[in-house]
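Note: the block below is structure.tsv and it holds TSV, C-alpha atoms.
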chain	number	residue	atom	x	y	z
D	1	MET	CA	-148.37	107.31	134.99
D	2	ILE	CA	-144.80	107.74	133.77
D	3	TRP	CA	-145.44	106.78	130.09
D	4	ARG	CA	-142.41	104.56	129.66
D	5	ILE	CA	-142.73	103.60	126.00
D	6	ARG	CA	-140.44	101.21	124.21
D	7	THR	CA	-138.31	102.57	121.38
D	8	GLU	CA	-140.15	100.60	118.72
D	9	ASP	CA	-143.51	101.85	120.01
D	10	ARG	CA	-142.37	105.46	119.84
D	11	THR	CA	-141.19	104.89	116.29
D	12	LEU	CA	-144.47	103.33	115.23
D	13	ALA	CA	-146.45	106.12	116.83
D	14	SER	CA	-144.48	108.86	115.15
D	15	ALA	CA	-143.37	107.47	111.82
D	16	ALA	CA	-146.59	106.24	110.21
D	17	PRO	CA	-146.66	106.52	106.41
D	18	SER	CA	-147.71	109.99	105.36
D	19	SER	CA	-150.27	108.72	102.85
D	20	VAL	CA	-152.34	106.56	105.21
D	21	VAL	CA	-153.79	107.02	108.66
D	22	ALA	CA	-154.20	103.76	110.53
D	23	ALA	CA	-157.55	103.61	112.29
D	24	ALA	CA	-156.06	102.35	115.53
D	25	MET	CA	-156.97	104.84	118.24
D	26	PHE	CA	-158.51	101.97	120.22
D	27	SER	CA	-155.77	99.44	119.52
D	28	ALA	CA	-154.03	97.79	122.45
D	29	ARG	CA	-151.13	100.24	122.09
D	30	GLN	CA	-153.09	103.48	121.76
D	31	ALA	CA	-156.29	102.73	123.71
D	32	PRO	CA	-154.82	103.49	127.19
D	33	PHE	CA	-154.02	107.06	126.13
D	34	THR	CA	-157.33	107.69	124.35
D	35	ILE	CA	-159.48	106.18	127.11
D	36	SER	CA	-157.54	107.93	129.90
D	37	ALA	CA	-157.96	111.29	128.16
D	38	SER	CA	-161.69	110.68	127.67
D	39	LEU	CA	-162.27	109.80	131.32
D	40	LEU	CA	-160.28	112.76	132.62
D	41	MET	CA	-162.02	115.15	130.20
D	42	ALA	CA	-165.38	113.82	131.41
D	43	LEU	CA	-164.42	114.28	135.06
D	44	GLN	CA	-163.11	117.81	134.49
D	45	PRO	CA	-166.39	119.75	133.96
D	46	LEU	CA	-168.12	117.76	136.71
D	47	LEU	CA	-165.51	118.83	139.27
D	48	LEU	CA	-165.57	122.42	138.01
D	49	THR	CA	-169.35	122.54	138.40
D	50	LEU	CA	-169.14	121.09	141.91
D	51	SER	CA	-166.45	123.63	142.83
D	52	LYS	CA	-168.86	126.56	142.41
D	53	ASP	CA	-170.43	128.22	145.43
D	54	ASP	CA	-174.15	128.19	146.25
D	55	ASP	CA	-174.77	131.17	143.97
D	56	GLY	CA	-173.20	129.41	140.97
D	57	TYR	CA	-169.95	131.38	140.91
D	58	PHE	CA	-166.32	130.47	141.44
D	59	ALA	CA	-165.32	131.72	144.90
D	60	TYR	CA	-161.66	131.39	143.99
D	61	SER	CA	-159.68	133.26	141.36
D	62	VAL	CA	-160.08	131.51	138.01
D	63	PRO	CA	-156.76	132.84	136.61
D	64	SER	CA	-154.96	131.63	139.75
D	65	ALA	CA	-156.49	128.16	139.30
D	66	THR	CA	-155.18	128.07	135.74
D	67	MET	CA	-151.75	129.24	136.91
D	68	PHE	CA	-151.68	126.49	139.57
D	69	CYS	CA	-152.73	123.99	136.92
D	70	GLU	CA	-149.80	124.96	134.68
D	71	LEU	CA	-147.45	124.85	137.67
D	72	MET	CA	-148.62	121.33	138.58
D	73	LYS	CA	-148.11	120.12	135.01
D	74	LEU	CA	-144.64	121.63	134.99
D	75	ALA	CA	-143.72	120.06	138.36
D	76	PHE	CA	-145.05	116.65	137.32
D	77	SER	CA	-143.16	116.76	134.01
D	78	LEU	CA	-139.91	117.76	135.72
D	79	GLY	CA	-140.23	114.93	138.26
D	80	ALA	CA	-141.20	112.39	135.60
D	81	LEU	CA	-138.30	113.53	133.41
D	82	ALA	CA	-135.80	113.11	136.24
D	83	LEU	CA	-137.12	109.63	136.99
D	84	MET	CA	-137.13	108.61	133.33
D	85	LEU	CA	-133.55	109.76	132.78
D	86	PHE	CA	-132.48	107.93	135.94
D	87	GLN	CA	-134.15	104.70	134.82
D	88	GLN	CA	-133.21	105.04	131.14
D	89	PRO	CA	-129.83	106.80	130.98
D	90	GLU	CA	-129.61	106.09	127.24
D	91	LEU	CA	-132.23	108.83	126.73
D	92	ARG	CA	-130.00	111.53	128.20
D	93	SER	CA	-128.21	112.10	124.91
D	94	LYS	CA	-131.55	112.43	123.10
D	95	THR	CA	-133.15	114.93	125.47
D	96	ILE	CA	-131.62	118.25	124.41
D	97	SER	CA	-132.14	119.29	120.80
D	98	ASP	CA	-129.30	120.38	118.54
D	99	ARG	CA	-131.03	123.77	118.49
D	100	PRO	CA	-132.43	124.07	122.03
D	101	LEU	CA	-133.36	127.75	121.91
D	102	MET	CA	-135.20	127.29	118.62
D	103	GLU	CA	-137.12	124.32	120.00
D	104	PHE	CA	-138.00	126.23	123.18
D	105	ALA	CA	-139.27	129.15	121.09
D	106	GLN	CA	-141.36	126.81	118.93
D	107	PHE	CA	-143.24	125.53	121.98
D	108	LEU	CA	-144.25	129.13	122.70
D	109	VAL	CA	-146.45	129.14	119.58
D	110	PRO	CA	-149.14	126.65	120.72
D	111	SER	CA	-149.00	128.11	124.24
D	112	LEU	CA	-149.75	131.58	122.89
D	113	ILE	CA	-152.58	130.27	120.70
D	114	TYR	CA	-154.21	128.42	123.60
D	115	PHE	CA	-153.79	131.47	125.82
D	116	ALA	CA	-155.29	133.86	123.26
D	117	ASN	CA	-158.21	131.53	122.49
D	118	ASN	CA	-159.06	131.08	126.14
D	119	ASN	CA	-159.30	134.80	126.73
D	120	LEU	CA	-161.28	135.49	123.55
D	121	ALA	CA	-164.21	133.80	125.32
D	122	PHE	CA	-164.84	137.17	126.98
D	123	VAL	CA	-165.26	138.85	123.58
D	124	ILE	CA	-167.37	136.09	122.08
D	125	LEU	CA	-169.83	135.85	124.97
D	126	GLN	CA	-170.55	139.57	124.74
D	127	SER	CA	-172.27	138.93	121.41
D	128	LEU	CA	-173.30	135.25	121.45
D	129	ASP	CA	-175.05	133.06	123.98
D	130	PRO	CA	-173.09	130.03	125.26
D	131	THR	CA	-175.17	127.57	123.22
D	132	THR	CA	-174.43	129.33	119.91
D	133	PHE	CA	-170.77	129.63	120.84
D	134	GLN	CA	-170.55	125.89	121.56
D	135	LEU	CA	-172.35	124.97	118.34
D	136	ILE	CA	-169.97	127.07	116.24
D	137	SER	CA	-167.00	125.72	118.18
D	138	GLN	CA	-167.72	122.22	116.87
D	139	THR	CA	-166.28	123.32	113.53
D	140	LYS	CA	-162.90	122.61	115.13
D	141	THR	CA	-163.53	118.94	114.33
D	142	ILE	CA	-163.53	119.68	110.60
D	143	PHE	CA	-160.66	122.18	110.89
D	144	THR	CA	-158.59	119.54	112.68
D	145	GLY	CA	-159.16	117.06	109.85
D	146	ILE	CA	-158.13	119.62	107.23
D	147	LEU	CA	-154.99	120.72	109.09
D	148	PHE	CA	-154.19	117.09	109.90
D	149	ARG	CA	-154.15	116.42	106.15
D	150	PHE	CA	-152.14	119.42	104.98
D	151	MET	CA	-149.78	120.10	107.90
D	152	LEU	CA	-148.99	116.51	108.89
D	153	LYS	CA	-149.51	115.03	105.39
D	154	LYS	CA	-151.81	112.30	106.73
D	155	ARG	CA	-154.56	111.13	104.42
D	156	LEU	CA	-158.07	110.36	105.62
D	157	GLY	CA	-160.33	108.00	103.71
D	158	ILE	CA	-163.75	109.11	102.49
D	159	PHE	CA	-165.52	107.16	105.24
D	160	GLN	CA	-163.24	108.75	107.84
D	161	TRP	CA	-164.11	112.22	106.55
D	162	MET	CA	-167.79	111.30	106.78
D	163	ALA	CA	-167.19	110.01	110.32
D	164	LEU	CA	-165.66	113.36	111.32
D	165	PHE	CA	-168.66	115.18	109.85
D	166	PHE	CA	-171.08	113.01	111.82
D	167	LEU	CA	-168.95	113.53	114.92
D	168	ALA	CA	-169.22	117.31	114.55
D	169	CYS	CA	-173.00	116.95	114.13
D	170	GLY	CA	-173.22	114.72	117.20
D	171	THR	CA	-171.23	116.99	119.48
D	172	ALA	CA	-173.10	120.05	118.20
D	173	CYS	CA	-176.41	118.29	118.85
D	174	SER	CA	-175.31	117.46	122.38
D	175	GLN	CA	-174.90	121.18	123.12
D	176	ILE	CA	-178.41	122.25	122.08
D	177	PRO	CA	-180.24	121.47	125.33
D	178	THR	CA	-177.45	122.21	127.81
D	179	ALA	CA	-174.75	124.50	126.36
D	180	SER	CA	-172.22	122.46	128.31
D	181	PRO	CA	-168.76	124.01	128.25
D	182	SER	CA	-166.20	122.24	126.16
D	183	SER	CA	-163.53	120.28	127.98
D	184	GLU	CA	-161.05	120.22	125.16
D	185	GLY	CA	-157.58	121.63	125.47
D	186	ASP	CA	-156.58	123.88	128.32
D	187	SER	CA	-158.90	124.18	131.32
D	188	HIS	CA	-158.50	127.97	131.35
D	189	GLY	CA	-161.02	128.39	128.54
D	190	LEU	CA	-163.54	126.14	130.28
D	191	MET	CA	-163.54	128.19	133.49
D	192	LEU	CA	-163.43	131.54	131.70
D	193	LEU	CA	-166.39	130.48	129.58
D	194	GLU	CA	-168.49	129.79	132.66
D	195	ALA	CA	-167.28	132.96	134.39
D	196	SER	CA	-167.98	135.06	131.30
D	197	SER	CA	-171.43	133.61	130.67
D	198	SER	CA	-172.49	134.56	134.19
D	199	ALA	CA	-171.20	138.11	134.02
D	200	GLU	CA	-173.91	140.72	134.50
D	201	ASN	CA	-172.43	143.71	132.69
D	202	LYS	CA	-171.48	143.11	129.07
D	203	THR	CA	-170.68	145.58	126.35
D	204	PRO	CA	-172.83	144.65	123.31
D	205	ILE	CA	-170.87	143.43	120.31
D	206	PRO	CA	-172.52	142.61	116.94
D	207	ALA	CA	-173.42	138.94	116.58
D	208	ALA	CA	-171.55	138.75	113.26
D	209	VAL	CA	-168.35	139.68	115.09
D	210	GLY	CA	-168.97	136.96	117.67
D	211	VAL	CA	-169.55	134.35	114.95
D	212	GLY	CA	-166.39	135.41	113.13
D	213	VAL	CA	-164.27	135.34	116.29
D	214	SER	CA	-165.75	131.94	117.22
D	215	LEU	CA	-164.73	130.52	113.85
D	216	VAL	CA	-161.25	132.00	114.23
D	217	THR	CA	-160.84	130.50	117.70
D	218	ALA	CA	-162.03	127.11	116.43
D	219	LEU	CA	-159.47	127.28	113.62
D	220	PHE	CA	-156.68	128.40	115.96
D	221	SER	CA	-157.58	125.71	118.50
D	222	SER	CA	-157.19	123.09	115.78
D	223	LEU	CA	-153.99	124.74	114.57
D	224	ALA	CA	-152.49	124.68	118.06
D	225	GLY	CA	-153.31	120.98	118.47
D	226	VAL	CA	-151.90	119.97	115.10
D	227	TYR	CA	-148.80	122.15	115.51
D	228	ASN	CA	-148.24	120.72	118.98
D	229	GLU	CA	-148.46	117.18	117.57
D	230	LYS	CA	-145.93	118.16	114.91
D	231	LEU	CA	-143.53	119.39	117.59
D	232	LEU	CA	-144.00	116.36	119.85
D	233	LYS	CA	-143.41	113.93	117.00
D	234	GLY	CA	-140.72	116.06	115.35
D	235	ARG	CA	-138.09	114.39	117.53
D	236	VAL	CA	-139.20	110.79	117.86
D	237	PHE	CA	-136.86	109.73	120.67
D	238	ALA	CA	-137.04	112.93	122.74
D	239	PRO	CA	-138.72	112.21	126.11
D	240	ILE	CA	-142.27	113.54	126.17
D	241	HIS	CA	-141.67	114.96	129.65
D	242	TRP	CA	-138.86	117.21	128.37
D	243	GLN	CA	-141.08	118.45	125.56
D	244	ASN	CA	-143.88	119.08	128.08
D	245	VAL	CA	-141.52	120.99	130.36
D	246	GLN	CA	-140.83	123.47	127.57
D	247	MET	CA	-144.54	123.84	126.81
D	248	TYR	CA	-145.58	124.31	130.44
D	249	ILE	CA	-142.87	126.87	131.20
D	250	HIS	CA	-144.56	129.12	128.65
D	251	GLY	CA	-148.01	128.23	129.93
D	252	PHE	CA	-146.99	129.07	133.50
D	253	TRP	CA	-145.53	132.51	132.88
D	254	LEU	CA	-148.29	133.55	130.48
D	255	ASN	CA	-151.01	132.67	132.98
D	256	LEU	CA	-149.03	134.15	135.88
D	257	VAL	CA	-148.90	137.51	134.09
D	258	PHE	CA	-152.60	137.30	133.23
D	259	MET	CA	-153.48	136.44	136.84
D	260	LEU	CA	-151.58	139.46	138.17
D	261	ILE	CA	-153.23	141.78	135.65
D	262	TYR	CA	-156.78	140.44	135.88
D	263	ASP	CA	-157.08	139.45	139.55
D	264	GLY	CA	-154.04	141.14	141.08
D	265	ALA	CA	-156.00	143.60	143.25
D	266	GLU	CA	-158.37	140.95	144.60
D	267	ILE	CA	-155.52	138.54	145.31
D	268	LYS	CA	-153.61	141.27	147.13
D	269	GLU	CA	-156.68	141.99	149.26
D	270	LYS	CA	-157.92	138.43	149.96
D	271	GLY	CA	-154.83	136.30	149.41
D	272	LEU	CA	-153.81	133.95	146.64
D	273	LEU	CA	-155.65	130.94	148.06
D	274	HIS	CA	-158.93	132.61	148.96
D	275	GLY	CA	-162.02	130.58	148.10
D	276	TYR	CA	-160.22	127.29	147.50
D	277	THR	CA	-161.92	124.15	148.82
D	278	ALA	CA	-161.03	120.48	148.54
D	279	ILE	CA	-163.26	120.19	145.46
D	280	ALA	CA	-161.63	123.25	143.91
D	281	TRP	CA	-158.18	121.72	144.37
D	282	ALA	CA	-159.47	118.43	142.96
D	283	ALA	CA	-160.65	120.33	139.88
D	284	VAL	CA	-157.23	121.97	139.47
D	285	VAL	CA	-155.45	118.61	139.77
D	286	CYS	CA	-157.87	117.04	137.28
D	287	ASN	CA	-157.29	119.91	134.84
D	288	ALA	CA	-153.55	119.34	135.11
D	289	PHE	CA	-153.88	115.66	134.30
D	290	VAL	CA	-156.19	116.45	131.38
D	291	GLY	CA	-153.37	118.52	129.87
D	292	LEU	CA	-150.85	115.74	130.47
D	293	ALA	CA	-153.19	113.13	128.98
D	294	VAL	CA	-153.84	115.23	125.87
D	295	SER	CA	-150.10	115.67	125.41
D	296	ALA	CA	-149.64	111.88	125.57
D	297	VAL	CA	-152.43	111.39	123.02
D	298	LEU	CA	-150.73	113.82	120.63
D	299	LYS	CA	-147.34	112.16	121.13
D	300	TYR	CA	-148.38	108.50	120.86
D	301	CYS	CA	-151.69	108.71	118.95
D	302	ASP	CA	-152.77	111.75	116.93
D	303	ASN	CA	-155.10	114.74	116.82
D	304	ILE	CA	-158.01	112.70	115.51
D	305	ALA	CA	-157.82	110.53	118.63
D	306	ARG	CA	-157.80	113.74	120.68
D	307	VAL	CA	-160.95	114.96	118.93
D	308	TYR	CA	-162.71	111.66	119.56
D	309	ALA	CA	-161.60	111.59	123.19
D	310	HIS	CA	-163.08	115.06	123.64
D	311	SER	CA	-166.37	114.19	121.93
D	312	ILE	CA	-166.79	110.97	123.89
D	313	SER	CA	-166.17	112.88	127.11
D	314	LEU	CA	-168.86	115.42	126.23
D	315	VAL	CA	-171.46	112.70	125.81
D	316	VAL	CA	-170.31	110.97	129.02
D	317	VAL	CA	-170.71	114.27	130.90
D	318	LEU	CA	-174.22	114.75	129.58
D	319	VAL	CA	-175.24	111.19	130.45
D	320	VAL	CA	-173.76	111.44	133.97
D	321	SER	CA	-175.39	114.86	134.47
D	322	VAL	CA	-178.85	113.29	134.20
D	323	PRO	CA	-178.71	111.66	137.67
D	324	LEU	CA	-176.03	113.91	139.16
D	325	PHE	CA	-177.40	117.37	138.35
D	326	GLY	CA	-180.99	116.53	137.45
D	327	LEU	CA	-180.52	117.17	133.72
D	328	ASP	CA	-183.58	116.06	131.78
D	329	PRO	CA	-182.81	113.40	129.14
D	330	THR	CA	-183.87	114.72	125.75
D	331	ALA	CA	-184.13	113.51	122.18
D	332	GLN	CA	-181.07	115.62	121.37
D	333	LEU	CA	-179.04	113.80	124.00
D	334	VAL	CA	-180.04	110.38	122.67
D	335	LEU	CA	-179.34	111.46	119.08
D	336	ALA	CA	-175.96	112.92	120.07
D	337	LEU	CA	-175.01	109.70	121.83
D	338	LEU	CA	-175.94	107.58	118.79
D	339	LEU	CA	-174.09	109.88	116.37
D	340	VAL	CA	-170.90	109.92	118.42
D	341	ILE	CA	-170.93	106.12	118.83
D	342	ALA	CA	-171.65	105.55	115.13
D	343	SER	CA	-168.94	108.02	114.09
D	344	THR	CA	-166.38	106.41	116.40
D	345	VAL	CA	-167.13	102.94	115.05
D	346	GLN	CA	-167.12	104.16	111.44
D	347	TYR	CA	-163.78	105.95	111.75
D	348	ASN	CA	-162.07	102.90	113.26
D	349	ILE	CA	-163.41	100.21	110.92
D	350	PRO	CA	-160.46	98.83	108.93
D	351	LYS	CA	-160.79	98.61	105.16
D	352	THR	CA	-160.32	94.84	105.24
D	353	PHE	CA	-163.42	94.51	107.43
D	354	ASP	CA	-165.42	96.73	105.08
D	355	ASP	CA	-164.37	94.67	102.05
D	356	ALA	CA	-165.52	91.44	103.71
D	357	PHE	CA	-168.71	92.82	105.30
D	358	ASP	CA	-171.94	91.21	104.13
D	359	LEU	CA	-170.12	89.53	101.26
D	360	ILE	CA	-172.34	87.25	99.20
D	361	PRO	CA	-170.32	84.13	98.32
D	362	ASP	CA	-170.08	83.01	94.72
D	363	PRO	CA	-172.34	80.02	93.99
D	364	VAL	CA	-170.73	76.61	93.83
D	365	PRO	CA	-170.40	75.41	90.21
D	366	GLY	CA	-173.38	73.24	89.32
D	367	GLU	CA	-175.63	74.54	92.10
D	368	ASP	CA	-177.60	76.81	89.74
D	369	ALA	CA	-178.37	73.88	87.50
D	370	LYS	CA	-179.59	71.76	90.42
D	371	ILE	CA	-181.83	74.60	91.64
D	372	THR	CA	-183.30	75.03	88.11
D	373	LYS	CA	-184.11	71.33	87.80
D	374	ALA	CA	-185.72	71.26	91.21
As structure tokens, the full file:
Amino acid sequence: MIWRIRTEDRTLASAAPSSVVAAAMFSARQAPFTISASLLMALQPLLLTLSKDDDGYFAYSVPSATMFCELMKLAFSLGALALMLFQQPELRSKTISDRPLMEFAQFLVPSLIYFANNNLAFVILQSLDPTTFQLISQTKTIFTGILFRFMLKKRLGIFQWMALFFLACGTACSQIPTASPSSEGDSHGLMLLEASSSAENKTPIPAAVGVGVSLVTALFSSLAGVYNEKLLKGRVFAPIHWQNVQMYIHGFWLNLVFMLIYDGAEIKEKGLLHGYTAIAWAAVVCNAFVGLAVSAVLKYCDNIARVYAHSISLVVVLVVSVPLFGLDPTAQLVLALLLVIASTVQYNIPKTFDDAFDLIPDPVPGEDAKITKA
């Protein structure tokens, strides 16, 4: 997908009034981005689970997989940018910012936050079990709403705030029986979470520290998403692929350094591609497209759409896991599914529909008198 969006569409997506948020994440214009992100996010943990060996571990280097993922996103964005500028030469003058070094440095901020959050999973899982970590992580839904309001100056209605609360409850409920890893944001955190939770030797850390760090990572995850949306929409006509190139350059070198530090000795001994199978490569490719899809959602929709895409994908994964991995359907799963569906519908109901819903019409003049006589 080369996301060739008309000028007027880009303007509408990025220049909505600051006082109102249009509930249009499933409109004809925004639905392709939201639905694509949901489907890719749902496919991501399934492929990662299938890429494990018979003992339940990743035979390949997790940091190298993340590095390859960032490299693929960078290569795709460079190719898509070249094609876009060839097909739409009028965009060439809008590609480079007036302050290119400043813009490039700004894209380092969300990259650093994502990178730090992903690696804090090691600290958290030394004091909390994966289920507790995932339950606390659902606070990012509320944090996103708060930052969305104060950083982007977008107002949410009371029913939309209630919808976000129910969404957080639904996604938290979905984690109780399974402790499924989150698929939101960068895939690095997802794989590190599974790798960390299966580690045998852990240094005990007080649970209070784990809870505090979990809340901080949830807040920072929301901050990175909202700040990234602010950057992507800061220059309305800048090609998304150029903005992604700047983001993924930082993501690539950060994860390359981490790979060399964390797995450098093993890679030197066994080779960079040791343990990779067709399924493992499929997981890496899927992870790359998840990042690209999330970027498109932030550019042409908003962070609330990203949150809903993530939550919908979690429920889809749990439902699909019932026949695929033998997961037992539970009351929590059914309740989570109903809460996420109800929250999604509630958030997207326009005010005009609510005003007209179940409206009792005024009686026709004279009808009351006829009824009384009868």
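Closest approach to Thr139 in chain D among D:Gly234, D:Gly170, D:Gly264, D:Pro323 is made by D:Gly170 (distances from only C-alpha atoms).
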Enclose the full set of atoms of range 295-298 of chain D listed in the file within a box whose edges lie along x, y and z, apply 3 Å of padding to each of the six sides, and report centre and edge lengths in Å to one decimal as AutoDock Vina command-line options.
--center_x -151.0 --center_y 113.5 --center_z 123.1 --size_x 8.8 --size_y 10.3 --size_z 10.9
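Compared by their closest atoms to Leu335 in chain D, and using only C-alpha atoms, the residues D:Cys173, D:Val290, D:Leu48, D:Ala265 rank with D:Cys173 nearest.
CA of Met162 in chain D lies 12.1 Å from CA of Val340 in chain D.
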*Between D:Val226, D:Ile312, D:Leu232, D:Ile124, single out the one closest to Leu338 in chain D, counting only C-alpha atoms.*
D:Ile312
